[in-house]
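Asker: This is my_file.txt, which holds compact mmCIF, C-alpha atoms and all ligand atoms:
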# COMPACT_ATOMS: atom_id res chain seq x y z
CA MET G 1 12.88 -215.30 -16.58
CA ILE G 2 9.52 -214.24 -15.08
CA ASP G 3 9.55 -211.12 -12.95
CA THR G 4 7.56 -210.76 -9.74
CA HIS G 5 4.99 -208.46 -11.26
CA HIS G 6 4.21 -210.98 -14.01
CA LEU G 7 3.96 -213.75 -11.44
CA GLU G 8 1.49 -211.78 -9.36
CA LEU G 9 -0.65 -211.34 -12.44
CA MET G 10 -0.48 -215.10 -13.08
CA MET G 11 -1.46 -215.88 -9.53
CA GLY G 12 -4.32 -213.44 -9.54
CA ARG G 13 -4.57 -209.95 -8.12
CA ASP G 14 -6.64 -211.30 -5.26
CA TRP G 15 -3.50 -212.38 -3.55
CA ARG G 16 -2.57 -208.86 -2.72
CA GLY G 17 -5.22 -209.22 -0.01
CA ASP G 18 -5.13 -210.88 3.39
CA LEU G 19 -4.06 -214.38 2.38
CA PRO G 20 -0.85 -214.79 0.35
CA PRO G 21 -0.22 -217.78 -1.93
CA VAL G 22 1.12 -220.49 0.37
CA CYS G 23 2.38 -224.05 -0.09
CA LEU G 24 -0.53 -226.43 0.60
CA GLU G 25 1.86 -228.90 2.18
CA CYS G 26 3.85 -226.76 4.63
CA GLY G 27 2.23 -223.30 4.54
CA TYR G 28 5.36 -221.56 3.24
CA ASP G 29 4.59 -218.14 1.78
CA LEU G 30 5.13 -218.48 -1.98
CA THR G 31 4.90 -214.76 -2.77
CA GLY G 32 7.56 -213.99 -5.32
CA CYS G 33 8.40 -217.66 -5.92
CA VAL G 34 9.22 -218.13 -9.60
CA SER G 35 9.28 -221.92 -9.91
CA ASP G 36 6.47 -224.47 -9.52
CA ARG G 37 8.26 -225.99 -6.56
CA CYS G 38 8.03 -224.99 -2.90
CA PRO G 39 11.48 -223.80 -1.77
CA GLU G 40 10.70 -224.95 1.79
CA CYS G 41 9.46 -228.57 1.45
CA GLY G 42 10.28 -229.22 -2.24
CA ILE G 43 6.79 -230.26 -3.31
CA TYR G 44 5.63 -229.39 -6.84
CA PHE G 45 2.37 -227.46 -7.14
CA SER G 46 -0.02 -226.40 -9.87
CA ARG G 47 -0.81 -222.70 -9.82
CA ARG G 48 -4.39 -223.29 -10.86
CA GLU G 49 -5.07 -225.75 -8.03
CA LEU G 50 -3.30 -223.51 -5.56
CA ALA G 51 -5.35 -220.49 -6.64
CA GLU G 52 -8.57 -222.47 -6.32
CA PHE G 53 -7.64 -223.79 -2.89
CA ILE G 54 -6.59 -220.39 -1.57
CA ASN G 55 -9.79 -218.77 -2.86
CA ASN G 56 -11.94 -221.43 -1.16
CA LEU G 57 -9.94 -220.98 2.00
CA LYS G 58 -10.48 -217.23 1.87
CA LEU G 59 -14.23 -217.72 1.55
CA GLU G 60 -14.24 -220.13 4.48
CA LEU G 61 -12.15 -217.72 6.58
CA ARG G 62 -14.57 -214.93 5.74
CA VAL G 63 -17.52 -217.05 6.90
CA LEU G 64 -15.66 -218.07 10.03
CA ARG G 65 -15.25 -214.46 11.10
CA SER G 66 -18.61 -214.93 12.81
CA VAL G 67 -17.57 -218.13 14.55
CA ASN G 68 -17.30 -216.47 17.98
CA ASP G 69 -20.86 -215.16 17.62
CA TRP G 70 -22.12 -218.69 16.92
CA ILE G 71 -20.17 -220.00 19.89
CA LYS G 72 -21.48 -217.25 22.19
CA THR G 73 -25.07 -217.91 21.11
CA GLY G 74 -24.49 -221.62 21.72
CA PHE G 75 -23.09 -220.88 25.13
CA TRP G 76 -26.10 -218.80 26.17
CA LEU G 77 -28.61 -221.30 24.79
CA GLY G 78 -26.79 -224.10 26.59
CA SER G 79 -26.78 -222.13 29.85
CA ILE G 80 -30.51 -221.41 29.49
CA ALA G 81 -31.17 -225.09 28.80
CA LEU G 82 -29.27 -226.18 31.88
CA ALA G 83 -30.73 -223.48 34.16
CA CYS G 84 -34.20 -224.22 32.83
CA LEU G 85 -33.81 -227.92 33.55
CA LEU G 86 -32.35 -227.56 37.05
CA LEU G 87 -34.74 -224.83 38.25
CA GLY G 88 -37.75 -226.45 36.63
CA TRP G 89 -36.86 -229.87 37.92
CA THR G 90 -36.39 -228.58 41.49
CA ALA G 91 -39.63 -226.58 41.33
CA GLY G 92 -41.41 -229.60 39.88
CA ARG G 93 -40.19 -231.87 42.68
CA LEU G 94 -41.10 -229.42 45.41
CA TRP G 95 -44.33 -227.77 44.29
CA ALA G 96 -45.69 -228.59 40.87
CA PRO G 97 -45.04 -232.13 39.52
CA LEU G 98 -46.78 -231.20 36.26
CA LEU G 99 -44.02 -228.71 35.52
CA THR G 100 -41.30 -231.34 35.14
CA PRO G 101 -42.27 -232.79 31.72
CA ILE G 102 -42.78 -229.32 30.24
CA ILE G 103 -39.40 -228.23 31.54
CA ARG G 104 -37.73 -231.28 29.99
CA VAL G 105 -39.08 -230.36 26.57
CA PHE G 106 -37.89 -226.76 26.98
CA ALA G 107 -34.43 -227.90 28.05
CA CYS G 108 -34.15 -230.06 24.92
CA LEU G 109 -35.40 -227.23 22.70
CA PHE G 110 -32.56 -225.02 23.93
CA ALA G 111 -29.93 -227.75 24.25
CA PHE G 112 -30.15 -229.00 20.67
CA PRO G 113 -29.29 -225.74 18.83
CA ALA G 114 -26.71 -224.97 21.53
CA PHE G 115 -24.93 -228.25 20.81
CA CYS G 116 -25.04 -227.68 17.05
CA LEU G 117 -23.59 -224.19 17.45
CA SER G 118 -20.79 -225.47 19.67
CA LEU G 119 -19.84 -227.88 16.87
CA SER G 120 -18.92 -224.93 14.65
CA VAL G 121 -15.39 -225.19 16.08
CA LEU G 122 -15.04 -228.37 14.03
CA ARG G 123 -15.00 -226.18 10.92
CA ILE G 124 -11.92 -224.50 12.31
CA LEU G 125 -10.18 -227.74 13.20
CA ARG G 126 -10.77 -228.86 9.59
CA LEU G 127 -8.70 -225.95 8.25
CA PRO G 128 -5.02 -226.66 7.60
CA ALA G 129 -3.07 -225.77 10.75
CA TRP G 130 -0.94 -223.11 9.04
CA SER G 131 -4.02 -221.28 7.76
CA ARG G 132 -5.46 -220.61 11.23
CA GLN G 133 -3.02 -217.74 11.72
CA TRP G 134 -5.04 -215.90 9.05
CA MET G 135 -8.19 -215.98 11.15
CA SER G 136 -9.14 -212.44 12.05
CA VAL G 137 -10.19 -213.33 15.61
CA PRO G 138 -8.89 -215.74 18.24
CA VAL G 139 -11.44 -218.55 18.54
CA ARG G 140 -13.17 -218.99 21.91
CA TYR G 141 -12.57 -222.73 22.22
CA GLU G 142 -13.23 -222.70 25.98
CA LEU G 143 -16.65 -221.13 25.43
CA ALA G 144 -17.48 -223.71 22.77
CA LEU G 145 -16.48 -226.46 25.17
CA CYS G 146 -18.80 -225.01 27.85
CA ALA G 147 -21.63 -224.74 25.32
CA ALA G 148 -21.19 -228.39 24.30
CA LEU G 149 -20.95 -229.50 27.93
CA PHE G 150 -23.99 -227.51 29.12
CA SER G 151 -26.15 -228.64 26.24
CA LEU G 152 -25.14 -232.29 26.69
CA LEU G 153 -25.82 -232.10 30.42
CA ALA G 154 -29.19 -230.44 29.85
CA GLY G 155 -30.12 -232.94 27.14
CA ALA G 156 -29.03 -235.93 29.18
CA GLY G 157 -30.68 -234.53 32.31
CA ALA G 158 -33.98 -234.06 30.48
CA PHE G 159 -34.04 -237.79 29.75
CA LEU G 160 -32.33 -239.26 32.80
CA LEU G 161 -33.57 -237.20 35.76
CA PRO G 162 -36.32 -239.04 37.66
ZN ZN W 1 6.04 -226.41 1.05
What would the structure in this file look like if it were written as structure tokens?
Answerer:
Amino acid sequence: MIDTHHLELMMGRDWRGDLPPVCLECGYDLTGCVSDRCPECGIYFSRRELAEFINNLKLELRVLRSVNDWIKTGFWLGSIALACLLLGWTAGRLWAPLLTPIIRVFACLFAFPAFCLSLSVLRILRLPAWSRQWMSVPVRYELALCAALFSLLAGAGAFLLP
């Protein structure tokens, strides 16, 4: 019979941290589990694979702590792109026709990184659903959506506006 302390040593001391060992299939917390079978969904697991997966997941979660910063930057760049395009386009139509092509280039320069930054939410959607509860911050999905929308509008407008 293996005691809990021994098991914790087998699973690695790392797991005393923020992310416990969990079943890769259902997300059940396997802390203190003595068999190689998940008591919740019945799937068999290898401790080595589990440890590797959890460690990768921890790294990814650590990186994703900054995800809201990326999204916010994307949102502001997208807003600048859109404002730049609309103001520049209006000014170009009314007073300075030469301004319009320059403004289009600027709008694209801001829209492209904004769109890429808004796509960082895809990294979160790629995580297993049960693991998202271990994210340290609630993700600003609505802001990412705005960033994607603004940058797409600005990019499309730069090409399609007369
Ligand atoms: Zn399970």
Asker: Work out how far apart CA of Phe112 (chain G) and CA of Glu60 (chain G) are and give it in Å to one decimal.
Answerer: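 Distance reported for this atom pair: 24.4 Å.
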Asker: Can you tell me which residues come within 8 Å of ligand ZN 1 (chain W) when counting all atoms listed in the file, ideally as a PDB file with C-alpha atoms, in the coordinates of the input?
Answerer:
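Writing the result to result.pdb gives the following:
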ATOM      1  CA  VAL G  22       1.120-220.490   0.370  1.00  0.00           C
ATOM      2  CA  CYS G  23       2.380-224.050  -0.090  1.00  0.00           C
ATOM      3  CA  LEU G  24      -0.530-226.430   0.600  1.00  0.00           C
ATOM      4  CA  GLU G  25       1.860-228.900   2.180  1.00  0.00           C
ATOM      5  CA  CYS G  26       3.850-226.760   4.630  1.00  0.00           C
ATOM      6  CA  GLY G  27       2.230-223.300   4.540  1.00  0.00           C
ATOM      7  CA  TYR G  28       5.360-221.560   3.240  1.00  0.00           C
ATOM      8  CA  ARG G  37       8.260-225.990  -6.560  1.00  0.00           C
ATOM      9  CA  CYS G  38       8.030-224.990  -2.900  1.00  0.00           C
ATOM     10  CA  PRO G  39      11.480-223.800  -1.770  1.00  0.00           C
ATOM     11  CA  GLU G  40      10.700-224.950   1.790  1.00  0.00           C
ATOM     12  CA  CYS G  41       9.460-228.570   1.450  1.00  0.00           C
ATOM     13  CA  GLY G  42      10.280-229.220  -2.240  1.00  0.00           C
ATOM     14  CA  ILE G  43       6.790-230.260  -3.310  1.00  0.00           C
TER      15      ILE G  43
END
Asker: So how many Å separate CA of Ser46 (chain G) and CA of Arg62 (chain G), to one decimal?
Answerer: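 We find that CA of Ser46 (chain G) and CA of Arg62 (chain G) lie 24.2 Å from each other.
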Asker: Report, in Å with one decimal, the straight-line distance from CA of Leu87 (chain G) to CA of Val121 (chain G).
Answerer: 29.4 Å
Asker: Which is closest to Leu143 (chain G) among G:Phe159, G:Phe115, G:Trp95, G:Phe110, if we use only C-alpha atoms?
Answerer: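 Using only C-alpha atoms, the shortest distance to Leu143 (chain G) belongs to G:Phe115.
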Asker: Would you mind telling me which residue in G:Ile71, G:Leu153, G:Ala107, G:Leu64 lies nearest to Leu85 (chain G) when using only C-alpha atoms?
Answerer: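 Nearest candidate to Leu85 (chain G) out of G:Ile71, G:Leu153, G:Ala107, G:Leu64: G:Ala107.
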